[in-house]
Each structure stands twice: as C-alpha cells, then as structure tokens.
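Text of run_5.csv, listed as CSV, C-alpha atoms and all ligand atoms:
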```csv
chain,number,residue,atom,x,y,z
A,1,MET,CA,0.0,0.0,0.0
A,2,ILE,CA,2.8,2.4,1.0
A,3,TYR,CA,4.6,1.8,-2.3
A,4,LEU,CA,1.3,2.5,-4.2
A,5,LEU,CA,1.0,5.9,-2.4
A,6,ILE,CA,4.7,6.7,-3.1
A,7,GLY,CA,4.2,5.8,-6.8
A,8,GLY,CA,1.0,8.0,-6.9
A,9,LEU,CA,2.9,10.9,-5.3
A,10,LEU,CA,5.7,10.6,-7.8
A,11,PHE,CA,3.3,10.5,-10.7
A,12,LEU,CA,1.5,13.7,-9.4
A,13,ALA,CA,4.9,15.4,-8.9
A,14,ILE,CA,5.9,14.7,-12.5
A,15,VAL,CA,2.5,15.9,-13.8
A,16,THR,CA,2.8,19.1,-11.7
A,17,PHE,CA,6.3,19.7,-13.0
A,18,VAL,CA,5.2,19.3,-16.7
A,19,GLN,CA,2.3,21.7,-16.1
A,20,ILE,CA,4.6,24.3,-14.6
A,21,ILE,CA,6.8,24.1,-17.7
A,22,ARG,CA,3.8,24.4,-20.0
A,23,VAL,CA,2.6,27.5,-18.1
A,24,SER,CA,6.0,29.2,-18.3
A,25,GLU,CA,6.1,28.4,-22.0
A,26,LEU,CA,2.7,30.0,-22.5
A,27,LEU,CA,3.7,33.1,-20.5
A,28,SER,CA,6.8,33.5,-22.7
A,29,LYS,CA,4.5,33.3,-25.8
A,30,ILE,CA,2.3,36.0,-24.4
A,31,ARG,CA,5.3,38.2,-23.7
A,32,ASN,CA,6.5,37.5,-27.2
A,33,LYS,CA,9.8,35.8,-26.1
A,34,ASP,CA,11.6,32.9,-27.7
A,35,VAL,CA,11.0,29.9,-25.3
A,36,ASN,CA,14.2,28.2,-26.4
A,37,GLU,CA,16.4,31.2,-25.8
A,38,VAL,CA,19.0,30.6,-23.1
A,39,THR,CA,19.5,33.7,-21.0
A,40,GLU,CA,22.4,34.8,-18.9
A,41,ASN,CA,20.2,34.2,-15.9
A,42,ASP,CA,19.4,30.6,-17.0
A,43,ASN,CA,23.2,29.8,-17.3
A,44,ASN,CA,23.8,31.3,-13.8
A,45,ILE,CA,21.0,29.2,-12.2
A,46,GLN,CA,22.1,26.0,-14.0
A,47,GLY,CA,25.7,26.6,-13.0
A,48,LYS,CA,24.8,27.1,-9.4
A,49,ILE,CA,22.5,24.0,-9.4
A,50,LEU,CA,25.4,21.9,-10.8
A,51,LEU,CA,27.7,23.2,-8.0
A,52,VAL,CA,25.2,22.5,-5.2
A,53,VAL,CA,24.1,19.0,-6.5
A,54,GLY,CA,27.8,18.0,-7.2
A,55,PHE,CA,29.1,19.0,-3.8
A,56,GLY,CA,25.9,17.6,-2.1
A,57,PHE,CA,26.7,14.3,-3.8
A,58,LEU,CA,30.3,14.4,-2.4
A,59,VAL,CA,29.0,15.2,1.1
A,60,PHE,CA,26.6,12.2,0.8
A,61,VAL,CA,29.5,9.9,-0.1
A,62,ILE,CA,31.4,11.0,3.0
A,63,TRP,CA,28.3,10.7,5.1
A,64,GLN,CA,27.8,7.1,3.9
A,65,ILE,CA,31.4,6.1,4.7
A,66,VAL,CA,31.0,7.5,8.3
A,67,ALA,CA,27.4,6.4,8.9
A,68,TRP,CA,27.7,2.8,7.6
A,69,LYS,CA,31.3,2.0,8.7
A,70,HIS,CA,30.0,0.0,11.6
A,71,LEU,CA,28.3,-2.5,9.3
A,72,ILE,CA,31.5,-3.6,7.5
A,73,LEU,CA,33.3,-6.8,8.4
A,74,PRO,CA,35.8,-6.8,11.2
A,75,PRO,CA,39.5,-7.5,10.4
A,76,ALA,CA,40.1,-10.9,8.8
A,77,SER,CA,40.3,-14.0,11.0
A,78,SER,CA,42.7,-15.8,8.7
A,79,LEU,CA,46.4,-15.4,7.7
A,80,HIS,CA,45.8,-14.7,4.0
A,81,GLY,CA,42.8,-12.5,4.8
A,82,VAL,CA,45.0,-9.9,6.4
A,83,GLU,CA,46.9,-9.5,3.0
A,84,ILE,CA,43.6,-9.3,1.1
A,85,ASP,CA,42.3,-6.7,3.5
A,86,SER,CA,45.4,-4.6,3.1
A,87,LEU,CA,45.2,-4.8,-0.7
A,88,MET,CA,41.6,-3.9,-0.6
A,89,ASN,CA,42.3,-0.9,1.8
A,90,THR,CA,45.1,0.4,-0.4
A,91,THR,CA,43.0,0.1,-3.6
A,92,MET,CA,40.1,1.8,-1.9
A,93,MET,CA,42.2,4.7,-0.5
A,94,LEU,CA,43.6,5.3,-4.0
A,95,ILE,CA,40.2,5.2,-5.6
A,96,LEU,CA,38.7,7.6,-3.1
A,97,VAL,CA,41.6,10.1,-3.4
A,98,VAL,CA,41.3,10.1,-7.2
A,99,PHE,CA,37.5,10.2,-7.0
A,100,PHE,CA,37.4,13.3,-4.7
A,101,ILE,CA,40.1,15.2,-6.7
A,102,THR,CA,38.5,14.6,-10.1
A,103,SER,CA,34.9,15.1,-8.9
A,104,ILE,CA,35.8,18.5,-7.3
A,105,ILE,CA,37.5,19.6,-10.5
A,106,LEU,CA,34.6,18.4,-12.6
A,107,PHE,CA,31.9,20.2,-10.7
A,108,PHE,CA,33.9,23.4,-10.1
A,109,PHE,CA,35.0,23.8,-13.7
A,110,GLY,CA,31.4,23.0,-14.9
A,111,PHE,CA,30.3,26.0,-12.8
A,112,LYS,CA,33.3,28.3,-13.6
A,113,TYR,CA,33.0,27.8,-17.4
A,114,ARG,CA,29.2,28.0,-17.6
A,115,GLY,CA,27.8,30.0,-20.6
A,116,ILE,CA,28.5,33.7,-20.3
A,117,LYS,CA,27.5,36.0,-23.2
A,118,GLY,CA,30.5,37.0,-25.4
A,119,ARG,CA,32.9,34.4,-23.9
A,120,LYS,CA,34.3,31.8,-26.3
A,121,ALA,CA,35.7,28.4,-25.5
A,122,PHE,CA,39.5,28.3,-25.6
A,123,PHE,CA,40.6,26.0,-28.4
A,124,TYR,CA,43.4,23.7,-27.1
A,125,ALA,CA,44.1,20.7,-29.3
A,126,HIS,CA,47.1,18.9,-27.9
A,127,ASN,CA,49.8,18.9,-25.3
A,128,ASN,CA,52.5,16.2,-25.3
A,129,LYS,CA,53.6,16.9,-21.7
A,130,LEU,CA,50.1,16.4,-20.4
A,131,GLU,CA,49.5,13.3,-22.5
A,132,ILE,CA,52.7,11.8,-21.1
A,133,VAL,CA,51.8,12.7,-17.5
A,134,TRP,CA,48.3,11.3,-17.5
A,135,THR,CA,49.4,8.1,-19.3
A,136,ILE,CA,52.5,7.3,-17.3
A,137,VAL,CA,51.3,8.2,-13.7
A,138,PRO,CA,48.2,5.9,-13.9
A,139,ALA,CA,50.2,3.2,-15.6
A,140,ILE,CA,52.8,3.2,-12.8
A,141,VAL,CA,50.1,3.2,-10.0
A,142,LEU,CA,48.0,0.5,-11.7
A,143,SER,CA,51.0,-1.7,-12.4
A,144,GLY,CA,51.9,-1.5,-8.7
A,145,LEU,CA,48.4,-2.5,-7.7
A,146,ILE,CA,48.2,-5.3,-10.3
A,147,VAL,CA,51.6,-6.7,-9.3
A,148,SER,CA,50.8,-6.7,-5.6
A,149,GLY,CA,47.3,-8.1,-6.4
A,150,LEU,CA,48.9,-11.0,-8.3
A,151,LYS,CA,51.3,-11.7,-5.5
A,152,VAL,CA,48.4,-11.9,-3.0
A,153,TRP,CA,46.3,-14.0,-5.4
A,154,ASP,CA,49.3,-16.4,-5.9
A,155,SER,CA,49.9,-16.8,-2.1
A,156,THR,CA,46.2,-17.2,-1.4
A,157,MET,CA,45.3,-19.7,-4.1
A,158,ASN,CA,48.5,-21.8,-4.3
A,159,VAL,CA,48.3,-23.5,-1.0
A,160,THR,CA,49.4,-27.1,-0.9
A,161,SER,CA,47.4,-29.5,1.2
A,162,GLU,CA,50.5,-31.3,2.7
A,163,ASN,CA,50.2,-30.1,6.3
A,164,SER,CA,46.5,-29.2,6.1
A,165,GLN,CA,43.6,-30.9,7.6
A,166,ILE,CA,41.4,-32.1,4.7
A,167,ILE,CA,37.7,-31.4,5.0
A,168,GLU,CA,35.2,-31.8,2.2
A,169,LEU,CA,32.3,-29.4,1.8
A,170,HIS,CA,29.4,-31.0,-0.1
A,171,SER,CA,26.7,-28.7,-1.5
A,172,ARG,CA,23.2,-29.3,-2.9
A,173,GLN,CA,20.0,-27.3,-3.0
A,174,PHE,CA,19.8,-26.2,-0.3
A,175,GLN,CA,22.2,-27.4,2.3
A,176,TRP,CA,25.8,-28.1,3.1
A,177,ALA,CA,27.4,-31.2,4.6
A,178,ALA,CA,31.0,-31.6,5.7
A,179,ARG,CA,33.2,-34.7,5.6
A,180,TYR,CA,36.3,-35.0,7.7
A,181,ALA,CA,39.0,-37.2,6.2
A,182,GLY,CA,39.6,-39.1,9.4
A,183,GLU,CA,42.9,-40.3,11.0
A,184,ASP,CA,44.6,-40.9,7.6
A,185,ASN,CA,43.6,-37.4,6.4
A,186,ILE,CA,42.6,-38.9,3.0
A,187,LEU,CA,39.0,-38.6,1.8
A,188,GLY,CA,37.4,-41.8,0.5
A,189,LYS,CA,36.2,-42.0,-3.1
A,190,HIS,CA,32.7,-41.0,-4.1
A,191,ASP,CA,30.6,-41.8,-7.2
A,192,PHE,CA,27.5,-39.9,-8.1
A,193,ARG,CA,25.8,-43.2,-9.1
A,194,LEU,CA,25.9,-44.3,-5.5
A,195,ILE,CA,23.7,-41.5,-4.3
A,196,ASP,CA,20.8,-42.4,-2.1
A,197,ARG,CA,19.1,-39.4,-0.3
A,198,ALA,CA,18.2,-41.6,2.7
A,199,THR,CA,21.3,-43.8,3.2
A,200,ASN,CA,24.1,-42.3,1.2
A,201,PRO,CA,23.4,-38.6,0.5
A,202,LEU,CA,27.1,-37.8,-0.2
A,203,SER,CA,27.4,-40.7,-2.7
A,204,LEU,CA,30.4,-42.2,-0.9
A,205,ASP,CA,32.0,-45.4,-2.1
A,206,LYS,CA,31.9,-47.3,1.2
A,207,GLY,CA,34.0,-50.1,-0.3
A,208,ASP,CA,37.0,-47.8,-0.4
A,209,LYS,CA,39.3,-48.3,2.5
A,210,TYR,CA,39.8,-44.5,2.9
A,211,THR,CA,36.1,-44.0,3.4
A,212,ILE,CA,35.7,-46.1,6.5
A,213,ASP,CA,37.1,-43.5,8.9
A,214,ASP,CA,35.6,-40.4,7.2
A,215,LYS,CA,33.1,-38.5,9.4
A,216,ILE,CA,30.1,-36.6,8.1
A,217,THR,CA,29.1,-33.6,10.1
A,218,ASN,CA,26.6,-30.8,9.9
A,219,GLU,CA,28.9,-28.2,11.2
A,220,VAL,CA,32.6,-27.6,10.8
A,221,HIS,CA,35.1,-27.3,13.6
A,222,LEU,CA,38.6,-26.0,13.0
A,223,VAL,CA,41.7,-25.7,15.2
A,224,VAL,CA,43.0,-22.2,15.6
A,225,GLY,CA,46.4,-21.6,13.9
A,226,LYS,CA,46.2,-25.0,12.0
A,227,PRO,CA,46.0,-25.0,8.2
A,228,VAL,CA,42.9,-26.5,6.7
A,229,MET,CA,42.1,-27.4,3.1
A,230,LEU,CA,38.5,-27.3,2.1
A,231,LYS,CA,37.5,-29.4,-0.9
A,232,PHE,CA,34.3,-28.5,-2.6
A,233,ARG,CA,31.7,-30.6,-4.4
A,234,SER,CA,28.2,-29.9,-5.7
A,235,ASP,CA,25.4,-32.3,-6.6
A,236,ASP,CA,23.2,-30.1,-8.7
A,237,VAL,CA,23.9,-26.5,-9.6
A,238,ILE,CA,26.8,-24.1,-9.1
A,239,HIS,CA,27.0,-23.0,-5.4
A,240,SER,CA,29.6,-20.7,-3.9
A,241,ALA,CA,31.1,-21.4,-0.5
A,242,TYR,CA,31.5,-18.0,1.2
A,243,ILE,CA,32.9,-17.5,4.7
A,244,PRO,CA,33.3,-13.8,4.9
A,245,HIS,CA,35.1,-13.5,8.2
A,246,PHE,CA,37.9,-15.7,6.8
A,247,ARG,CA,37.8,-13.9,3.4
A,248,VAL,CA,37.2,-17.3,1.8
A,249,GLN,CA,35.1,-17.8,-1.3
A,250,MET,CA,35.1,-20.6,-3.9
A,251,ASN,CA,32.6,-21.9,-6.4
A,252,CYS,CA,31.3,-25.4,-6.0
A,253,VAL,CA,30.8,-26.8,-9.5
A,254,PRO,CA,29.1,-30.1,-10.4
A,255,GLY,CA,31.7,-32.5,-11.7
A,256,VAL,CA,34.7,-30.2,-10.9
A,257,ARG,CA,36.8,-30.4,-7.7
A,258,THR,CA,37.6,-27.0,-6.3
A,259,GLN,CA,39.5,-26.2,-3.1
A,260,PHE,CA,40.6,-23.4,-0.8
A,261,GLY,CA,43.3,-23.7,1.8
A,262,PHE,CA,43.6,-21.2,4.7
A,263,THR,CA,44.6,-20.9,8.4
A,264,PRO,CA,42.1,-19.5,10.9
A,265,THR,CA,43.6,-17.2,13.4
A,266,LYS,CA,40.9,-16.3,15.9
A,267,THR,CA,38.7,-18.7,17.9
A,268,THR,CA,34.9,-18.2,18.0
A,269,GLN,CA,35.3,-17.2,21.6
A,270,GLU,CA,37.9,-14.5,20.8
A,271,MET,CA,35.5,-13.2,18.1
A,272,ARG,CA,32.7,-13.0,20.6
A,273,GLU,CA,34.9,-10.8,22.8
A,274,ASP,CA,35.8,-8.5,20.0
A,275,PRO,CA,34.4,-5.0,20.6
A,276,GLN,CA,33.3,-4.6,16.9
A,277,ILE,CA,31.5,-8.0,16.9
A,278,ILE,CA,29.9,-7.2,20.3
A,279,ARG,CA,28.5,-3.9,18.8
A,280,GLN,CA,27.3,-5.7,15.6
A,281,MET,CA,25.6,-8.5,17.5
A,282,GLN,CA,24.0,-5.9,19.9
A,283,GLU,CA,22.6,-4.1,16.9
A,284,LEU,CA,21.2,-7.3,15.5
A,285,ASN,CA,19.7,-8.4,18.8
A,286,ASP,CA,18.1,-4.9,19.3
A,287,ARG,CA,16.4,-5.2,15.9
A,288,ILE,CA,15.1,-8.7,16.8
A,289,ASP,CA,13.9,-7.4,20.1
A,290,ALA,CA,11.9,-4.7,18.4
A,291,MET,CA,9.9,-7.3,16.4
A,292,SER,CA,6.6,-8.8,17.4
A,293,LEU,CA,6.7,-12.4,18.7
A,294,ILE,CA,5.4,-13.9,15.3
A,295,GLU,CA,8.0,-11.8,13.3
A,296,LYS,CA,10.7,-12.9,15.7
A,297,THR,CA,9.8,-16.6,15.5
A,298,VAL,CA,9.7,-16.5,11.7
A,299,PHE,CA,12.9,-14.4,11.3
A,300,LEU,CA,14.9,-16.6,13.7
A,301,ASP,CA,13.7,-19.8,12.1
A,302,GLU,CA,14.2,-18.7,8.5
A,303,ASN,CA,17.5,-17.0,9.0
A,304,PHE,CA,19.3,-18.8,11.8
A,305,ALA,CA,17.3,-22.0,12.3
A,306,LYS,CA,16.9,-20.8,15.9
A,307,THR,CA,14.0,-20.1,18.3
A,308,VAL,CA,13.2,-17.3,20.7
A,309,ASP,CA,14.8,-19.4,23.5
A,310,ASP,CA,18.2,-18.9,21.8
A,311,LEU,CA,18.0,-15.1,22.2
A,312,PRO,CA,20.2,-13.1,22.5
A,313,LEU,CA,22.0,-14.4,19.4
A,314,LYS,CA,25.7,-15.1,19.8
A,315,PHE,CA,28.3,-14.6,17.1
A,316,ASP,CA,29.2,-17.7,15.0
A,317,TYR,CA,31.3,-18.0,11.9
A,318,GLN,CA,28.9,-18.8,9.0
A,319,LEU,CA,29.5,-20.6,5.7
A,320,LEU,CA,27.0,-19.1,3.2
A,321,CYS,CA,26.1,-19.8,-0.4
A,322,ASN,CA,27.0,-16.8,-2.5
A,323,LYS,CA,25.5,-18.0,-5.8
A,324,ILE,CA,21.8,-17.4,-6.3
A,325,CYS,CA,21.2,-21.1,-6.7
A,326,GLY,CA,17.4,-21.3,-6.1
A,327,SER,CA,14.5,-20.4,-3.9
A,328,ALA,CA,16.0,-21.2,-0.6
A,329,HIS,CA,19.5,-20.0,-1.5
A,330,TYR,CA,19.4,-17.3,1.3
A,331,ASN,CA,19.0,-20.0,3.9
A,332,MET,CA,21.9,-22.2,2.7
A,333,LYS,CA,24.4,-21.9,5.6
A,334,MET,CA,26.5,-23.9,8.0
A,335,LYS,CA,28.1,-23.0,11.3
A,336,PHE,CA,31.9,-23.0,11.6
A,337,VAL,CA,33.6,-23.1,15.0
A,338,VAL,CA,37.2,-22.2,15.6
A,339,GLU,CA,38.5,-23.7,18.8
A,340,THR,CA,41.6,-25.0,20.6
A,341,GLN,CA,43.2,-28.4,19.8
A,342,GLU,CA,41.7,-29.9,23.0
A,343,GLU,CA,38.2,-28.7,22.3
A,344,PHE,CA,38.5,-30.0,18.7
A,345,ASP,CA,39.7,-33.4,19.8
A,346,THR,CA,36.7,-33.8,22.2
A,347,TRP,CA,34.3,-32.8,19.5
A,348,ILE,CA,35.7,-34.9,16.7
A,349,ALA,CA,35.8,-38.0,19.0
A,350,GLN,CA,32.0,-37.7,19.3
A,351,GLN,CA,31.4,-37.7,15.6
A,352,LYS,CA,30.5,-41.1,14.0
A,353,GLU,CA,32.6,-42.7,11.3
A,354,VAL,CA,31.0,-43.6,8.0
A,355,GLY,CA,32.0,-47.2,8.3
A,356,GLY,CA,32.7,-49.8,5.7
A,357,LEU,CA,29.3,-50.9,4.5
A,358,VAL,CA,29.7,-52.0,0.9
A,359,LEU,CA,27.0,-50.7,-1.4
A,360,THR,CA,26.5,-52.0,-4.9
A,361,LYS,CA,26.2,-49.6,-7.7
A,362,LYS,CA,22.7,-48.9,-9.0
A,401,CU,CU,23.7,-22.5,-3.2
```

Transcribe the structure of this file into structure tokens.
Amino acid sequence: MIYLLIGGLLFLAIVTFVQIIRVSELLSKIRNKDVNEVTENDNNIQGKILLVVGFGFLVFVIWQIVAWKHLILPPASSLHGVEIDSLMNTTMMLILVVFFITSIILFFFGFKYRGIKGRKAFFYAHNNKLEIVWTIVPAIVLSGLIVSGLKVWDSTMNVTSENSQIIELHSRQFQWAARYAGEDNILGKHDFRLIDRATNPLSLDKGDKYTIDDKITNEVHLVVGKPVMLKFRSDDVIHSAYIPHFRVQMNCVPGVRTQFGFTPTKTTQEMREDPQIIRQMQELNDRIDAMSLIEKTVFLDENFAKTVDDLPLKFDYQLLCNKICGSAHYNMKMKFVVETQEEFDTWIAQQKEVGGLVLTKK
C-alpha cells in the first residue's frame, strides 16, 4: 500500500512539473519571447545547481562512509585474509583520493566555465607533456596495484594440502554437509551413481578403505592456527562457498573439484569478545527485540534455524552460499567453529565414522 502511495505521489509530482513548464512556455509566448532562448540568468542558475548538486553528492558519499562504517566486516580471521584486506584498503584509498580530486575539479569547472555572453571556448588541441603525465602516472600506479594483487592471489590460491587438515564441503539445493578425512587425512572416493538421499546422501564409495574412517558432520570445527584445506563438491547447480570472516570464497561446481586452503587465526570465543563483533551483535539483537513475537519466530527460524529461546543471538562463523542457486539460496548456511586443539579433539571424537558398508552400484 505504502509503495502505491509513493508511486502515486511521484506521478503527481511529475504531472505538476510538466504543467509548470507548460505555463511558463505559454507566459513566454504572451510576452513575445523565444521559449528556447537561453538567457544569462538561466546559465547562472544551472551553474549554481550543478555546484550544489555536485558537492551535495560528495558530502553524501562522505556521510555514507562515516554512517555505515559500523556495518563492515571486522579485520580478517585468517592469515591470508590480512593480506587481502590490506590490498583492498590500499586500492580503496587510491580510488577515493582520485574520485574526490576529479569530482571536485569536474563540478567546479562545470560551474566556472558556464555560458557567459560573449565568452568563447579556448581551443586547445594537444599537449605532449600532459599526455605523457596522464598516461605514465596511472600506468605506474596501476602496475603497482596489479603486481601486488597478483602476489596476494598467488599466495592465497596456491596452498598445498600437505600439512593441512582435509575437509570436504558438499553442497546441494539447499544445504551443506561436511566430511572429515579421518585419521589418515585422506578422503574416501565418491561416485554420483551411488547417491541415495536416505542412506548415502554424499554418494560415498563405502567399499573404499579410505572412506571407513571419514566422518560426516553438519557443522565444521577448526583448530585455531592450524592450516585447513576445504575441498568443494556440488550435486546439482553451481553454489559458492563463502565464509566472509575468513575472506574465503570458492565456487562449488558439479563435476569439478575446487578447493581453498587457509589458516584460521581467531577462535569463535575470541571473536565473541571483539568490541566490533559485540556492537554488531548488539545491533542485530536490538532489531530482533523490536519485532513482534510472530515476526521474531519466523525471522529466527528462517535465517538462523533458531528459536526465541536462543536469544540473544551469539556470534558464529557462518558458511554461506554466494550464488543465487534457487528459492532457498538465502538459507543455505552452515556453522563454523574455531577452537583450541583440546576442544576440537573432544568434538571430533564424538562424531561417527562412515563405516565400511559395501553398497552395490545402482
Ligand atoms: Cu547454493
């Protein structure tokens, strides 16, 4: 209803505006003036409007940066994430500096050189010095950015799995499952023809000796400071594994094995004590508090698979799907926990092994 009213108001505003223009045109006709003639006064007004709108826009950009800063992610919780953040910050700083300088020049010159009777544009065809400066300076700056970007990309993507704990992340519409490689740290084989939603949803080859000690879990626990190699798999469409706090993202493509290796550096508990996380969780909990009971119940169930008894919500690392993979895409998530080695050992000991049941191919 509110959108209908806003739409109606916009329509009326446009109609009013058109009518005002019509009236001013008719007035000009009565006074025997050319409607299309641009007067000195028109140029002055247009110039001033450009200046006000232009600088208003720059003020709005600054306001956004200040007002919404609290919503951005906290510093990375992984080793490679720190490098990505610093690359991102350097690039952003450069972009902002260039943006503000060029925008100020653009709006100011637009105003300064507005139409004035009798003034002619200065014809200036070419200047070698200027051409060289505005080609070489950006070339040097961009080369620096690209080279450091390639270095970060190389160190982020080329991680060997030698000393890493191997975990498989299996995706399908619309849920994740994790598979730990067990004591031997080798994942057992899988074959899509073995899939059985009830008894073998991950299509594992239970005849393979490496499968026996694998463990399937519905959340992922990691040891702080210990490298991990995530191996991705998809059953249906392309999903994208996205764990923003670790700066990890990788597509999960049917029929293609993709992977991402990283080292988590902050435990879930440390994150929960981080002032920025405390503020963000407070804000989220305040918003939930302001909802009615029905809204709360639906919101918690749909977005966090939780109930009102779990309030206030506590911070958890989340694996999300970052490809729009279908109707319940928004709800495709899995909890990640980063903890100490002792805590991890206790948890993993409680998880059941797949076992060696031999299934015949269908
Ligand atoms: Cu998905």

- [ ] Grab me every residue within 7 Å of ligand CU 401 (chain A), counting only C-alpha atoms and all ligand atoms, and send it over as number ranges by chain.
- [x] A: 172-174, 238-240, 321-325, 329, 332

Saved selection, atoms kept: C-alpha atoms, as a PDB file, in the coordinates of the input:
```pdb
ATOM      1  CA  ARG A 172      23.200 -29.300  -2.900  1.00  0.00           C
ATOM      2  CA  GLN A 173      20.000 -27.300  -3.000  1.00  0.00           C
ATOM      3  CA  PHE A 174      19.800 -26.200  -0.300  1.00  0.00           C
ATOM      4  CA  ILE A 238      26.800 -24.100  -9.100  1.00  0.00           C
ATOM      5  CA  HIS A 239      27.000 -23.000  -5.400  1.00  0.00           C
ATOM      6  CA  SER A 240      29.600 -20.700  -3.900  1.00  0.00           C
ATOM      7  CA  CYS A 321      26.100 -19.800  -0.400  1.00  0.00           C
ATOM      8  CA  ASN A 322      27.000 -16.800  -2.500  1.00  0.00           C
ATOM      9  CA  LYS A 323      25.500 -18.000  -5.800  1.00  0.00           C
ATOM     10  CA  ILE A 324      21.800 -17.400  -6.300  1.00  0.00           C
ATOM     11  CA  CYS A 325      21.200 -21.100  -6.700  1.00  0.00           C
ATOM     12  CA  HIS A 329      19.500 -20.000  -1.500  1.00  0.00           C
ATOM     13  CA  MET A 332      21.900 -22.200   2.700  1.00  0.00           C
TER      14      MET A 332
END
```

TODO: May I ask which of the residues A:Ile104, A:Ile116, A:Val147, A:Ile72 is the closest one to Val59 (chain A), counting all atoms listed in the file?
DONE: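 Nearest candidate to Val59 (chain A) out of A:Ile104, A:Ile116, A:Val147, A:Ile72: A:Ile104.
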
Close residues, Ile294 (chain A) itself excluded, 12 Å, all atoms listed in the file, min 6 positions apart in chain, as an mmCIF file with C-alpha atoms, in the frame of the given file:
```cif
data_model
loop_
_atom_site.group_PDB
_atom_site.id
_atom_site.type_symbol
_atom_site.label_atom_id
_atom_site.label_comp_id
_atom_site.auth_asym_id
_atom_site.auth_seq_id
_atom_site.Cartn_x
_atom_site.Cartn_y
_atom_site.Cartn_z
ATOM 1 C CA ILE A 288 15.100 -8.700 16.800
ATOM 2 C CA LEU A 300 14.900 -16.600 13.700
ATOM 3 C CA ASP A 301 13.700 -19.800 12.100
ATOM 4 C CA THR A 307 14.000 -20.100 18.300
ATOM 5 C CA VAL A 308 13.200 -17.300 20.700
#
```

Task: Nearest to His70 (chain A) by atom-to-atom distance, counting all atoms listed in the file, from A:Ile2, A:Ala305, A:Val224, A:Met281 - done: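 Nearest to His70 (chain A): A:Met281.
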
- [ ] Could you tell me how far CA of Leu320 (chain A) lies from CA of Lys333 (chain A), in Å and to one decimal?
- [x]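 Between CA of Leu320 (chain A) and CA of Lys333 (chain A) the gap works out to 4.5 Å.
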
TODO: To one decimal in Å, tell me the separation between CA of Val220 (chain A) and CA of Lys335 (chain A).
DONE: 6.5 Å

Task: Cut-off 10 Å around (34.6, 3.7, 3.2) with all atoms listed in the file: residues as a list of chain:residue names - done: A:Val61, A:Ile62, A:Trp63, A:Gln64, A:Ile65, A:Val66, A:Ala67, A:Trp68, A:Lys69, A:Ile72, A:Asn89, A:Met92, A:Met93, A:Leu96

Atoms added to region 30-46 of chain A (N, CA and C atoms), reported as a JSON list (two decimals), in the coordinates of the input:
```json
[["chain", "number", "residue", "atom", "x", "y", "z"],
["A", 30, "ILE", "N", 3.05, 34.79, -24.58],
["A", 30, "ILE", "CA", 2.30, 36.00, -24.40],
["A", 30, "ILE", "C", 3.17, 37.23, -24.42],
["A", 31, "ARG", "N", 4.37, 37.07, -23.77],
["A", 31, "ARG", "CA", 5.30, 38.20, -23.70],
["A", 31, "ARG", "C", 6.12, 38.34, -25.00],
["A", 32, "ASN", "N", 5.83, 37.47, -25.97],
["A", 32, "ASN", "CA", 6.50, 37.50, -27.20],
["A", 32, "ASN", "C", 8.03, 37.18, -27.13],
["A", 33, "LYS", "N", 8.33, 36.23, -26.29],
["A", 33, "LYS", "CA", 9.80, 35.80, -26.10],
["A", 33, "LYS", "C", 9.97, 34.48, -26.71],
["A", 34, "ASP", "N", 11.22, 34.19, -27.15],
["A", 34, "ASP", "CA", 11.60, 32.90, -27.70],
["A", 34, "ASP", "C", 11.75, 31.90, -26.50],
["A", 35, "VAL", "N", 10.93, 30.82, -26.48],
["A", 35, "VAL", "CA", 11.00, 29.90, -25.30],
["A", 35, "VAL", "C", 12.34, 29.19, -25.26],
["A", 36, "ASN", "N", 12.97, 28.98, -26.41],
["A", 36, "ASN", "CA", 14.20, 28.20, -26.40],
["A", 36, "ASN", "C", 15.46, 29.06, -26.21],
["A", 37, "GLU", "N", 15.28, 30.33, -26.02],
["A", 37, "GLU", "CA", 16.40, 31.20, -25.80],
["A", 37, "GLU", "C", 17.01, 30.98, -24.42],
["A", 38, "VAL", "N", 18.33, 30.76, -24.37],
["A", 38, "VAL", "CA", 19.00, 30.60, -23.10],
["A", 38, "VAL", "C", 19.53, 31.92, -22.61],
["A", 39, "THR", "N", 19.03, 32.40, -21.48],
["A", 39, "THR", "CA", 19.50, 33.70, -21.00],
["A", 39, "THR", "C", 20.65, 33.61, -20.09],
["A", 40, "GLU", "N", 21.27, 34.72, -19.82],
["A", 40, "GLU", "CA", 22.40, 34.80, -18.90],
["A", 40, "GLU", "C", 21.96, 34.24, -17.50],
["A", 41, "ASN", "N", 20.72, 34.60, -17.15],
["A", 41, "ASN", "CA", 20.20, 34.20, -15.90],
["A", 41, "ASN", "C", 20.03, 32.64, -15.81],
["A", 42, "ASP", "N", 19.55, 32.03, -16.93],
["A", 42, "ASP", "CA", 19.40, 30.60, -17.00],
["A", 42, "ASP", "C", 20.78, 29.91, -16.73],
["A", 43, "ASN", "N", 21.81, 30.40, -17.42],
["A", 43, "ASN", "CA", 23.20, 29.80, -17.30],
["A", 43, "ASN", "C", 23.64, 29.92, -15.82],
["A", 44, "ASN", "N", 23.38, 31.08, -15.20],
["A", 44, "ASN", "CA", 23.80, 31.30, -13.80],
["A", 44, "ASN", "C", 23.12, 30.26, -12.89],
["A", 45, "ILE", "N", 21.81, 30.13, -13.08],
["A", 45, "ILE", "CA", 21.00, 29.20, -12.20],
["A", 45, "ILE", "C", 21.51, 27.78, -12.42],
["A", 46, "GLN", "N", 21.66, 27.37, -13.70],
["A", 46, "GLN", "CA", 22.10, 26.00, -14.00],
["A", 46, "GLN", "C", 23.47, 25.72, -13.39]]
```
